[in-house]
Amino acid sequence: MLDHWPEAAGLAIRPLQGGHVNRTYAVGDAVGNDRFVLQCINGHVFTNPEGVMRNLGKLLGRHPGIVAPLPTRAGNLWATDEAGELWRLFPFVDARNLQQLPDALADPAGFAFGGFHAAVADMDDDLEPVIDGFHDLSRYLDALRAAAPEASADVDFVADRGAFRFPDSRTVIHGDCKVNNLLFHPEEPRVTHLIDLDTAMHGHPAWDFGDLVRSVASGAEEAGSAPDVSLSTFERVAFGFARGAGGIVDPEAFAAAPGHMSFMLGVRFLTDHYAGDRYFRVDYRGQNLERARSQLGAARRFDALETAFEDTLHHVTAAVV
């Protein structure tokens with residue numbers, strides 16, 4: 001596939017770890033100096049991979065921190081292999097890509113994603129749907145009911161928990177606001193680039209905020225013991241997001257979002273475990289069950305803090321406006 005890009009043809013390639021969906025590789029010289037990032041979009045997950053790239057093209061002119069794919073010899077932003085899979089090549093960015101976020105970078109992370117929201121707030125171009133029912137909790141609950149063979153403590157919790165009703169919104173959101181989708185300056189406490197906009201879509205801005213809080217608490221792997229977040233860390237993320245976005249539009253929805261997003265991801269992991277690990281890539285059988293229990297545990301903790309989150313968000317909004 002590298003032959004489609006003259007500047008990358010013949011270079012060394014190695015797989016990059018991390019990420020649950022696409023296959024990603026570092027491309028560079030034989031002594032390990034990375035120059036490019038090659039990625040194959042998972043067509044099973046993204047049923048409209050060409051739409052992913054067209055959406056990215058629409059977003060590139062809106063935000064200077066989005067890394068642009070490089071054109072092929074033919075002048076296209078992607079190439080297709082014999083199996084019909086779509087590949088793209090990005091320049092390698094010398095930056096810090098973190099799995100766990102230190103408290104000192106919580107505000108810059110929030111500011112980066114809030115700034116993205118501000119940059120696309122007046123975007124008139126429609127984005128193409130690329131994943132059926134993404135962020136549609138009712139759809140995921142139906143899938144779990146179909147996949148789960150029998151009752152369990154996890155399934156019972158899912159069945160018993162209520163769901164916050166977010167107001168309808170047509171705002172463009174990133175759709176995958178995880179810590180490792182930010183590139184930080186090598187030395188300074190600021191974000192230089194946003195990456196992985198494959199799930200950019202229309203939705204409620206609180207979903208991005210909630211996903212960021214969830215990711216700050218969980219780390220990128222979303223496994224292990226149930227994650228937690230202190231109110232001081234939450235306030236740092238919220239203050240940064242509010243500064244970048246120009247305010248918090250709905251404190252009640254934003255307060256509910258961390259629990260909602262953790263719960264929804266937990267349902268997705270649990271469903272995929274029962275369905276045979278068909279969506280999220282795993283290293284061993286049972287990993288998606290571990291991820292599910294971690295995220296459902298996070299939902300319980302975030303739910304308990306929802307009132308405190310809302311009080312904090314009102315304070316942050318008053319301070320920013």
# chains A, B, ... in the order shown; residues from 1 in each chain; ligands from 1

$ residues_around --residues "region 140-157 of chain A" --least-positions-apart "2" --cutoff "6 Å" --atoms "only C-alpha atoms" --output "PyMOL selection string"
chain A and resi 137-138+159-160+271+274-275

$ write_last_selection --atoms "N, CA and C atoms" --output "PDB file, in the first residue's frame"
ATOM      1  N   LEU A 137     -28.177   4.896  22.402  1.00  0.00           N
ATOM      2  CA  LEU A 137     -28.182   3.968  23.526  1.00  0.00           C
ATOM      3  C   LEU A 137     -29.286   2.926  23.386  1.00  0.00           C
ATOM      4  N   SER A 138     -30.467   3.321  22.951  1.00  0.00           N
ATOM      5  CA  SER A 138     -31.567   2.361  22.841  1.00  0.00           C
ATOM      6  C   SER A 138     -31.216   1.229  21.879  1.00  0.00           C
ATOM      7  N   ALA A 159     -30.193  -3.379  32.853  1.00  0.00           N
ATOM      8  CA  ALA A 159     -31.641  -3.361  32.718  1.00  0.00           C
ATOM      9  C   ALA A 159     -32.297  -2.400  33.709  1.00  0.00           C
ATOM     10  N   ASP A 160     -31.689  -2.238  34.881  1.00  0.00           N
ATOM     11  CA  ASP A 160     -32.313  -1.446  35.948  1.00  0.00           C
ATOM     12  C   ASP A 160     -31.971   0.040  35.877  1.00  0.00           C
ATOM     13  N   THR A 271     -22.007  -6.265  25.152  1.00  0.00           N
ATOM     14  CA  THR A 271     -22.651  -6.879  23.985  1.00  0.00           C
ATOM     15  C   THR A 271     -21.632  -7.576  23.099  1.00  0.00           C
ATOM     16  N   TYR A 274     -20.554 -10.939  24.508  1.00  0.00           N
ATOM     17  CA  TYR A 274     -21.517 -12.009  24.278  1.00  0.00           C
ATOM     18  C   TYR A 274     -21.638 -12.369  22.799  1.00  0.00           C
ATOM     19  N   ALA A 275     -21.337 -11.404  21.916  1.00  0.00           N
ATOM     20  CA  ALA A 275     -21.437 -11.654  20.476  1.00  0.00           C
ATOM     21  C   ALA A 275     -20.175 -12.289  19.899  1.00  0.00           C
TER      22      ALA A 275
END

$ residues_around --residues "region 116-132 of chain A" --least-positions-apart "3" --cutoff "7 Å" --atoms "only C-alpha atoms" --output "PDB file with N, CA, C and O atoms, in the first residue's frame"
ATOM      1  N   VAL A  45     -16.711  -1.994  10.800  1.00  0.00           N
ATOM      2  CA  VAL A  45     -17.236  -1.018  11.753  1.00  0.00           C
ATOM      3  C   VAL A  45     -17.755   0.216  11.026  1.00  0.00           C
ATOM      4  O   VAL A  45     -18.877   0.669  11.256  1.00  0.00           O
ATOM      5  N   PHE A  46     -16.907   0.767  10.138  1.00  0.00           N
ATOM      6  CA  PHE A  46     -17.288   1.948   9.377  1.00  0.00           C
ATOM      7  C   PHE A  46     -17.864   1.493   8.040  1.00  0.00           C
ATOM      8  O   PHE A  46     -17.126   1.203   7.094  1.00  0.00           O
ATOM      9  N   THR A  47     -19.177   1.417   7.978  1.00  0.00           N
ATOM     10  CA  THR A  47     -19.827   0.879   6.785  1.00  0.00           C
ATOM     11  C   THR A  47     -19.759   1.836   5.597  1.00  0.00           C
ATOM     12  O   THR A  47     -20.083   1.451   4.480  1.00  0.00           O
ATOM     13  N   ASN A  48     -19.301   3.059   5.848  1.00  0.00           N
ATOM     14  CA  ASN A  48     -19.150   4.047   4.783  1.00  0.00           C
ATOM     15  C   ASN A  48     -17.755   4.673   4.897  1.00  0.00           C
ATOM     16  O   ASN A  48     -17.617   5.850   5.236  1.00  0.00           O
ATOM     17  N   PRO A  49     -16.693   3.905   4.621  1.00  0.00           N
ATOM     18  CA  PRO A  49     -15.337   4.440   4.818  1.00  0.00           C
ATOM     19  C   PRO A  49     -15.022   5.632   3.924  1.00  0.00           C
ATOM     20  O   PRO A  49     -14.293   6.537   4.332  1.00  0.00           O
ATOM     21  N   GLY A  51     -17.141   7.853   3.120  1.00  0.00           N
ATOM     22  CA  GLY A  51     -17.799   8.950   3.825  1.00  0.00           C
ATOM     23  C   GLY A  51     -16.960   9.471   4.980  1.00  0.00           C
ATOM     24  O   GLY A  51     -16.966  10.675   5.275  1.00  0.00           O
ATOM     25  N   VAL A  52     -16.243   8.565   5.653  1.00  0.00           N
ATOM     26  CA  VAL A  52     -15.312   8.991   6.711  1.00  0.00           C
ATOM     27  C   VAL A  52     -14.326  10.010   6.156  1.00  0.00           C
ATOM     28  O   VAL A  52     -14.074  11.067   6.763  1.00  0.00           O
ATOM     29  N   ASN A  55     -16.035  13.328   5.141  1.00  0.00           N
ATOM     30  CA  ASN A  55     -16.301  14.120   6.340  1.00  0.00           C
ATOM     31  C   ASN A  55     -15.033  14.808   6.828  1.00  0.00           C
ATOM     32  O   ASN A  55     -15.049  15.986   7.208  1.00  0.00           O
ATOM     33  N   ARG A  62     -11.896  23.776   8.924  1.00  0.00           N
ATOM     34  CA  ARG A  62     -12.543  24.397  10.074  1.00  0.00           C
ATOM     35  C   ARG A  62     -11.623  24.543  11.275  1.00  0.00           C
ATOM     36  O   ARG A  62     -11.862  25.398  12.130  1.00  0.00           O
ATOM     37  N   HIS A  63     -10.628  23.692  11.382  1.00  0.00           N
ATOM     38  CA  HIS A  63      -9.792  23.684  12.587  1.00  0.00           C
ATOM     39  C   HIS A  63      -8.343  23.452  12.171  1.00  0.00           C
ATOM     40  O   HIS A  63      -8.025  22.449  11.526  1.00  0.00           O
ATOM     41  N   ALA A 112      -8.896  21.962  24.282  1.00  0.00           N
ATOM     42  CA  ALA A 112      -8.736  21.511  22.899  1.00  0.00           C
ATOM     43  C   ALA A 112     -10.058  21.016  22.324  1.00  0.00           C
ATOM     44  O   ALA A 112     -10.451  21.402  21.209  1.00  0.00           O
ATOM     45  N   PHE A 113     -10.767  20.190  23.066  1.00  0.00           N
ATOM     46  CA  PHE A 113     -12.033  19.678  22.542  1.00  0.00           C
ATOM     47  C   PHE A 113     -13.113  20.762  22.554  1.00  0.00           C
ATOM     48  O   PHE A 113     -13.957  20.814  21.652  1.00  0.00           O
ATOM     49  N   THR A 171     -25.568  19.847  16.589  1.00  0.00           N
ATOM     50  CA  THR A 171     -24.195  20.336  16.698  1.00  0.00           C
ATOM     51  C   THR A 171     -23.219  19.273  16.208  1.00  0.00           C
ATOM     52  O   THR A 171     -23.390  18.086  16.480  1.00  0.00           O
ATOM     53  N   VAL A 172     -22.177  19.687  15.496  1.00  0.00           N
ATOM     54  CA  VAL A 172     -21.129  18.753  15.102  1.00  0.00           C
ATOM     55  C   VAL A 172     -20.274  18.439  16.327  1.00  0.00           C
ATOM     56  O   VAL A 172     -19.854  19.340  17.050  1.00  0.00           O
ATOM     57  N   ILE A 173     -20.039  17.171  16.579  1.00  0.00           N
ATOM     58  CA  ILE A 173     -19.194  16.739  17.686  1.00  0.00           C
ATOM     59  C   ILE A 173     -18.075  15.841  17.148  1.00  0.00           C
ATOM     60  O   ILE A 173     -18.163  15.302  16.045  1.00  0.00           O
ATOM     61  N   MET A 201     -19.772  13.574  13.920  1.00  0.00           N
ATOM     62  CA  MET A 201     -21.194  13.384  13.657  1.00  0.00           C
ATOM     63  C   MET A 201     -21.968  14.558  14.239  1.00  0.00           C
ATOM     64  O   MET A 201     -21.385  15.449  14.861  1.00  0.00           O
ATOM     65  N   GLY A 244     -12.671  26.867  25.932  1.00  0.00           N
ATOM     66  CA  GLY A 244     -12.517  26.601  24.506  1.00  0.00           C
ATOM     67  C   GLY A 244     -13.808  26.766  23.733  1.00  0.00           C
ATOM     68  O   GLY A 244     -13.817  27.301  22.626  1.00  0.00           O
ATOM     69  N   ALA A 245     -14.922  26.314  24.319  1.00  0.00           N
ATOM     70  CA  ALA A 245     -16.207  26.319  23.617  1.00  0.00           C
ATOM     71  C   ALA A 245     -16.951  27.635  23.774  1.00  0.00           C
ATOM     72  O   ALA A 245     -17.899  27.900  23.038  1.00  0.00           O
TER      73      ALA A 245
END

$ closest_residue --among "A:Asn42, A:Thr233, A:Thr307, A:Thr317" --to "Pro102 (chain A)" --atoms "only C-alpha atoms"
A:Thr233

$ residues_around --residues "Arg214 (chain A)" --least-positions-apart "2" --cutoff "8 Å" --atoms "only C-alpha atoms" --output "list in words"
Gly210, Asp211, Leu212, Val216, Ala217, Ser218, Pro258, Gly259, Met261, Ser262 and Ala298 of chain A

$ select_by_dssp --residues "region 119-250 of chain A" --states "helix (DSSP H, G or I)" --output "ChimeraX atom specification"
/A:119-120,137-147,153-160,179-181,205-218,231-245

$ closest_residue --among "A:Ala257, A:Ala95, A:Val213, A:Leu77" --to "His193 (chain A)" --atoms "only C-alpha atoms"
A:Ala95

$ atom_distance --atom1 "CA of Ala106 (chain A)" --atom2 "CA of Pro186 (chain A)"
15.9 Å

$ residues_around --residues "Ala30 (chain A)" --least-positions-apart "6" --cutoff "10 Å" --atoms "only C-alpha atoms" --output "number ranges by chain"
A: 11-13

$ atom_distance --atom1 "CA of Asp94 (chain A)" --atom2 "CA of Asp196 (chain A)"
16.3 Å

$ residues_around --residues "Asp34 (chain A)" --least-positions-apart "4" --cutoff "12 Å" --atoms "only C-alpha atoms" --output "ChimeraX atom specification"
/A:8,11-16,25-30,38,90-95

$ closest_residue --among "A:Leu70, A:Ala255, A:Val37, A:Val249" --to "Phe309 (chain A)" --atoms "only C-alpha atoms"
A:Ala255

$ select_by_dssp --residues "region 163-309 of chain A" --states "strand (DSSP E or B)" --output "list in words"
Thr171, Val172, Ile173, Leu182, Leu183, Phe184, Val191, Thr192, His193, Leu194, Met201, His202 and Gly203 of chain A

$ residues_around --residues "Ala200 (chain A)" --least-positions-apart "3" --cutoff "6 Å" --atoms "only C-alpha atoms" --output "tab-separated table (two decimals) with C-alpha atoms, in the first residue's frame"
chain	number	residue	atom	x	y	z
A	173	ILE	CA	-19.19	16.74	17.69
A	174	HIS	CA	-15.90	14.85	17.57
A	175	GLY	CA	-17.58	11.61	18.64
A	197	LEU	CA	-12.18	12.28	13.63

$ atom_distance --atom1 "CA of Val21 (chain A)" --atom2 "CA of Phe269 (chain A)"
12.6 Å

$ residues_around --residues "Phe164 (chain A)" --least-positions-apart "3" --cutoff "9 Å" --atoms "only C-alpha atoms" --output "list in words"
Ala253, Ala256, Ala257 and His260 of chain A
